[in-house]
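Just below is one structure, and these are the notes that go with it.
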Protein chains: 2
Amino acid sequence: MNRLFSFLGGSRGVWKVLRQESVVGEGLPAVDYVDLIAGQQQGAAAVWQLSGIVSNERYVQREEKQLLVQKQEGLGRVEATRAALIPIRKTAAWWNLSQDERRAIFEEQSKHIQIGLKYLPEIARRLHHCRDLSESEPFDFLTWFEFPPAHEAYFDQLVAELRKSPEWQFVDREVEIRLERAS
Amino acid sequence: MNRLFSFLGGSRGVWKVLRQESVVGEGLPAVDYVDLIAGQQQGAAAVWQLSGIVSNERYVQREEKQLLVQKQEGLGRVEATRAALIPIRKTAAWWNLSQDERRAIFEEQSKHIQIGLKYLPEIARRLHHCRDLSESEPFDFLTWFEFPPAHEAYFDQLVAELRKSPEWQFVDREVEIRLERAS
């Protein structure tokens, strides 16, 4: 079972970049295409490679997990020809919080799970953890979203809601890349 | 700041093996010495190399964190000439639990933090996470303990208490290596 995935930004790939921007902090070199591969590519010709691992959920409680499992759809739906890659890094202050403090900010204050649930099943999502892959990863998380073009505005709304939340005060680097399936 | 550490088992090292055993599941090849290094060693001559990363705590709540910080001592104390390396793997069933279910087993049922606190500051401890370092790590955690020889029986008691707990029903591989500082 693959848990490790990499995003390769460069001059070719399955996903064509429509827009790439730095939301907070340092951006990423501009690329025309992004590929999503299982594992990591040694000596990749890509301009950049970002890797992350699919792991257990850190904040989701039993009832929330059941709702997520019921409502969410997988990646690779034929109609989901739009995508977004959002790499995020959180501050040291976030990582120094205790588990109950992080959960309180994440859900009781920021409604991260509740907001995400509202946009299911239209927006499919996979979270990749980078922080514990090595000592020197540029981001803590890579979130990948896939949705039909008709739901692009709906996706804008999801992202805007999360960015207004108290949790986002702990985000010190965020890049957003919008994509369209090229082939 | 180093977060990634490796344990190298082989024919030389700072820590001399006094005893090595499989507690549950497959053991590790027998070695005479273990070295603890920052980072990872490429092409190491060691018999085995186990790596893990120091990460944020996953279950500790604010008040528990304060107690831990107050009571715990660091590695490298001159008098702490005994050590133990305990690599552990947990079952898929554990990782499929939600955060609140894992916390309930870990602390409300098993008193993992409370038990650990009883043995501070005599037993110093560092937990290394392996699970998200790659797809194919042989263990999920490497726990490293250091203590003065006079507290060896005290350490036996700590380990015995944890192994009797409900949390340990989710452990499907565990190795224990007891060591003495050689130099």
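Identifiers in the structure tokens: chain A, B, ... in order shown; residue index from 1 per chain; ligand index from 1 in order shown.
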All in-order C-alpha pairs, least squares, chain A moved onto chain B. Output the fitted coordinates as an mmCIF file with C-alpha atoms, in the first residue's frame, please.
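The result, stored in selection16.cif:
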data_model
loop_
_atom_site.group_PDB
_atom_site.id
_atom_site.type_symbol
_atom_site.label_atom_id
_atom_site.label_comp_id
_atom_site.auth_asym_id
_atom_site.auth_seq_id
_atom_site.Cartn_x
_atom_site.Cartn_y
_atom_site.Cartn_z
ATOM 1 C CA MET A 1 18.220 21.450 15.607
ATOM 2 C CA ASN A 2 18.518 17.690 15.218
ATOM 3 C CA ARG A 3 15.256 15.802 15.187
ATOM 4 C CA LEU A 4 16.397 12.701 13.280
ATOM 5 C CA PHE A 5 18.420 10.067 15.134
ATOM 6 C CA SER A 6 19.630 6.558 14.336
ATOM 7 C CA PHE A 7 20.577 3.561 16.415
ATOM 8 C CA LEU A 8 23.317 1.420 14.869
ATOM 9 C CA GLY A 9 23.690 -2.118 16.140
ATOM 10 C CA GLY A 10 27.023 -3.814 15.405
ATOM 11 C CA SER A 11 30.431 -4.803 16.712
ATOM 12 C CA ARG A 12 31.364 -1.406 18.114
ATOM 13 C CA GLY A 13 29.756 1.559 19.744
ATOM 14 C CA VAL A 14 29.363 3.641 22.876
ATOM 15 C CA TRP A 15 26.768 1.343 24.431
ATOM 16 C CA LYS A 16 27.565 -2.313 25.177
ATOM 17 C CA VAL A 17 24.649 -4.745 24.952
ATOM 18 C CA LEU A 18 23.918 -6.557 28.226
ATOM 19 C CA ARG A 19 20.786 -8.351 27.024
ATOM 20 C CA GLN A 20 18.742 -8.394 23.831
ATOM 21 C CA GLU A 21 15.374 -10.103 23.447
ATOM 22 C CA SER A 22 12.231 -10.209 21.395
ATOM 23 C CA VAL A 23 9.241 -9.397 23.579
ATOM 24 C CA VAL A 24 6.585 -9.836 20.844
ATOM 25 C CA GLY A 25 7.044 -10.752 17.184
ATOM 26 C CA GLU A 26 10.214 -10.884 15.159
ATOM 27 C CA GLY A 27 13.435 -9.971 16.957
ATOM 28 C CA LEU A 28 16.507 -8.138 15.663
ATOM 29 C CA PRO A 29 19.859 -9.776 14.781
ATOM 30 C CA ALA A 30 22.011 -10.009 17.910
ATOM 31 C CA VAL A 31 24.689 -7.328 18.264
ATOM 32 C CA ASP A 32 27.359 -6.517 20.852
ATOM 33 C CA TYR A 33 27.181 -2.734 20.738
ATOM 34 C CA VAL A 34 24.775 0.059 19.858
ATOM 35 C CA ASP A 35 25.604 3.596 18.793
ATOM 36 C CA LEU A 36 23.171 6.501 18.910
ATOM 37 C CA ILE A 37 23.920 9.082 16.228
ATOM 38 C CA ALA A 38 22.311 12.267 14.938
ATOM 39 C CA GLY A 39 20.922 11.816 11.426
ATOM 40 C CA GLN A 40 21.364 8.644 9.394
ATOM 41 C CA GLN A 41 24.546 6.919 8.289
ATOM 42 C CA GLN A 42 24.780 6.033 4.589
ATOM 43 C CA GLY A 43 26.508 2.738 3.879
ATOM 44 C CA ALA A 44 26.861 2.009 7.573
ATOM 45 C CA ALA A 45 28.898 -1.088 8.479
ATOM 46 C CA ALA A 46 26.393 -1.803 11.256
ATOM 47 C CA VAL A 47 24.334 -5.008 11.354
ATOM 48 C CA TRP A 48 21.202 -2.891 11.574
ATOM 49 C CA GLN A 49 20.263 0.782 11.612
ATOM 50 C CA LEU A 50 16.986 2.001 13.085
ATOM 51 C CA SER A 51 16.008 5.638 12.549
ATOM 52 C CA GLY A 52 13.329 7.820 14.068
ATOM 53 C CA ILE A 53 12.434 11.459 14.417
ATOM 54 C CA VAL A 54 11.635 13.452 17.545
ATOM 55 C CA SER A 55 8.237 15.010 16.942
ATOM 56 C CA ASN A 56 5.393 16.776 18.688
ATOM 57 C CA GLU A 57 3.556 14.768 21.347
ATOM 58 C CA ARG A 58 0.374 13.149 20.132
ATOM 59 C CA TYR A 59 -1.594 12.504 23.349
ATOM 60 C CA VAL A 60 -0.225 14.797 26.060
ATOM 61 C CA GLN A 61 -2.580 17.483 27.376
ATOM 62 C CA ARG A 62 -1.573 20.853 28.793
ATOM 63 C CA GLU A 63 -1.408 19.910 32.498
ATOM 64 C CA GLU A 64 0.382 16.659 31.757
ATOM 65 C CA LYS A 65 2.871 18.541 29.596
ATOM 66 C CA GLN A 66 3.628 20.953 32.432
ATOM 67 C CA LEU A 67 4.239 18.066 34.860
ATOM 68 C CA LEU A 68 6.489 16.307 32.347
ATOM 69 C CA VAL A 69 8.519 19.446 31.662
ATOM 70 C CA GLN A 70 8.915 20.111 35.403
ATOM 71 C CA LYS A 71 10.010 16.579 36.309
ATOM 72 C CA GLN A 72 11.946 15.168 33.375
ATOM 73 C CA GLU A 73 15.712 15.279 32.928
ATOM 74 C CA GLY A 74 17.649 15.166 29.694
ATOM 75 C CA LEU A 75 19.800 12.465 28.157
ATOM 76 C CA GLY A 76 23.537 12.337 28.758
ATOM 77 C CA ARG A 77 23.598 12.576 32.590
ATOM 78 C CA VAL A 78 26.995 11.351 33.822
ATOM 79 C CA GLU A 79 25.464 8.948 36.346
ATOM 80 C CA ALA A 80 23.033 7.438 33.791
ATOM 81 C CA THR A 81 25.327 4.650 32.602
ATOM 82 C CA ARG A 82 22.560 2.167 31.866
ATOM 83 C CA ALA A 83 20.202 2.436 28.936
ATOM 84 C CA ALA A 84 17.447 0.578 27.142
ATOM 85 C CA LEU A 85 16.321 0.710 23.528
ATOM 86 C CA ILE A 86 12.762 -0.514 22.984
ATOM 87 C CA PRO A 87 11.564 -0.514 19.358
ATOM 88 C CA ILE A 88 7.798 -1.025 19.052
ATOM 89 C CA ARG A 89 5.299 -1.524 16.271
ATOM 90 C CA LYS A 90 1.551 -1.156 16.710
ATOM 91 C CA THR A 91 -1.182 -2.957 14.772
ATOM 92 C CA ALA A 92 -3.209 -1.562 11.870
ATOM 93 C CA ALA A 93 -6.216 -1.681 14.244
ATOM 94 C CA TRP A 94 -4.482 0.921 16.443
ATOM 95 C CA TRP A 95 -3.747 3.246 13.547
ATOM 96 C CA ASN A 96 -7.319 2.955 12.294
ATOM 97 C CA LEU A 97 -8.708 4.222 15.588
ATOM 98 C CA SER A 98 -9.739 7.859 15.826
ATOM 99 C CA GLN A 99 -7.726 10.311 17.938
ATOM 100 C CA ASP A 100 -10.178 10.249 20.895
ATOM 101 C CA GLU A 101 -10.224 6.433 20.903
ATOM 102 C CA ARG A 102 -6.416 6.244 20.876
ATOM 103 C CA ARG A 103 -6.153 8.827 23.655
ATOM 104 C CA ALA A 104 -8.746 6.940 25.767
ATOM 105 C CA ILE A 105 -6.773 3.692 25.496
ATOM 106 C CA PHE A 106 -3.404 5.430 25.918
ATOM 107 C CA GLU A 107 -4.212 7.435 29.019
ATOM 108 C CA GLU A 108 -7.685 6.997 30.514
ATOM 109 C CA GLN A 109 -7.405 3.179 30.329
ATOM 110 C CA SER A 110 -3.653 2.569 30.300
ATOM 111 C CA LYS A 111 -2.297 5.560 32.292
ATOM 112 C CA HIS A 112 0.719 5.707 30.010
ATOM 113 C CA ILE A 113 1.590 9.293 30.946
ATOM 114 C CA GLN A 114 0.795 8.817 34.665
ATOM 115 C CA ILE A 115 2.972 5.698 34.821
ATOM 116 C CA GLY A 116 5.812 7.491 33.036
ATOM 117 C CA LEU A 117 5.556 10.458 35.435
ATOM 118 C CA LYS A 118 6.016 8.209 38.491
ATOM 119 C CA TYR A 119 9.457 7.218 37.239
ATOM 120 C CA LEU A 120 10.718 10.744 36.618
ATOM 121 C CA PRO A 121 13.303 12.137 37.014
ATOM 122 C CA GLU A 122 15.305 8.910 37.562
ATOM 123 C CA ILE A 123 14.512 7.467 34.133
ATOM 124 C CA ALA A 124 15.273 9.883 31.259
ATOM 125 C CA ARG A 125 13.471 9.113 28.024
ATOM 126 C CA ARG A 126 13.344 10.160 24.379
ATOM 127 C CA LEU A 127 10.726 8.957 21.916
ATOM 128 C CA HIS A 128 11.554 8.686 18.206
ATOM 129 C CA HIS A 129 8.750 8.335 15.658
ATOM 130 C CA CYS A 130 9.488 6.127 12.628
ATOM 131 C CA ARG A 131 6.072 5.516 11.102
ATOM 132 C CA ASP A 132 6.011 8.625 8.897
ATOM 133 C CA LEU A 133 9.699 8.606 7.986
ATOM 134 C CA SER A 134 9.008 6.243 5.081
ATOM 135 C CA GLU A 135 6.532 3.619 3.929
ATOM 136 C CA SER A 136 8.582 0.693 5.117
ATOM 137 C CA GLU A 137 9.997 1.275 8.574
ATOM 138 C CA PRO A 138 10.260 -1.931 10.649
ATOM 139 C CA PHE A 139 8.960 -0.205 13.806
ATOM 140 C CA ASP A 140 6.596 2.683 14.615
ATOM 141 C CA PHE A 141 8.549 3.982 17.615
ATOM 142 C CA LEU A 142 11.992 3.726 19.139
ATOM 143 C CA THR A 143 12.063 4.622 22.806
ATOM 144 C CA TRP A 144 15.428 5.270 24.398
ATOM 145 C CA PHE A 145 15.840 5.327 28.182
ATOM 146 C CA GLU A 146 18.862 6.279 30.324
ATOM 147 C CA PHE A 147 19.150 5.680 34.066
ATOM 148 C CA PRO A 148 21.703 5.051 36.825
ATOM 149 C CA PRO A 149 22.500 1.352 37.505
ATOM 150 C CA ALA A 150 20.828 1.596 40.934
ATOM 151 C CA HIS A 151 17.506 2.218 39.173
ATOM 152 C CA GLU A 152 17.550 -0.828 36.903
ATOM 153 C CA ALA A 153 14.868 -2.639 38.963
ATOM 154 C CA TYR A 154 12.818 0.561 38.963
ATOM 155 C CA PHE A 155 13.036 0.569 35.170
ATOM 156 C CA ASP A 156 11.958 -3.117 35.041
ATOM 157 C CA GLN A 157 8.867 -2.096 36.976
ATOM 158 C CA LEU A 158 8.041 0.766 34.573
ATOM 159 C CA VAL A 159 8.264 -1.545 31.576
ATOM 160 C CA ALA A 160 6.199 -4.281 33.303
ATOM 161 C CA GLU A 161 3.448 -1.782 34.197
ATOM 162 C CA LEU A 162 3.156 -0.561 30.614
ATOM 163 C CA ARG A 163 3.136 -4.086 29.159
ATOM 164 C CA LYS A 164 0.175 -5.051 31.343
ATOM 165 C CA SER A 165 -1.877 -2.098 30.041
ATOM 166 C CA PRO A 166 -4.695 -2.277 27.441
ATOM 167 C CA GLU A 167 -2.547 -0.166 25.092
ATOM 168 C CA TRP A 168 -0.060 -3.043 24.803
ATOM 169 C CA GLN A 169 -2.701 -5.282 23.216
ATOM 170 C CA PHE A 170 -2.072 -3.161 20.121
ATOM 171 C CA VAL A 171 1.683 -3.861 20.119
ATOM 172 C CA ASP A 172 2.534 -6.579 17.608
ATOM 173 C CA ARG A 173 6.329 -6.249 17.553
ATOM 174 C CA GLU A 174 8.556 -5.277 20.443
ATOM 175 C CA VAL A 175 12.261 -5.764 21.040
ATOM 176 C CA GLU A 176 14.141 -4.872 24.202
ATOM 177 C CA ILE A 177 17.862 -4.150 24.377
ATOM 178 C CA ARG A 178 19.544 -3.354 27.700
ATOM 179 C CA LEU A 179 22.851 -1.533 27.573
ATOM 180 C CA GLU A 180 25.730 -0.216 29.617
ATOM 181 C CA ARG A 181 27.915 2.725 28.670
ATOM 182 C CA ALA A 182 31.186 1.250 27.405
ATOM 183 C CA SER A 183 33.413 4.302 27.410
#
(request) Output as a PyMOL selection string all residues of chain A that backbone DSSP marks as alpha helix (DSSP H). (result) chain A and resi 62-71+92-95+99-103+112-118+152-163
(request) Write out as a count of residues only all residues of region 17-96 of chain A that DSSP puts in strand (DSSP E or B) for this structure's backbone. (result) 29
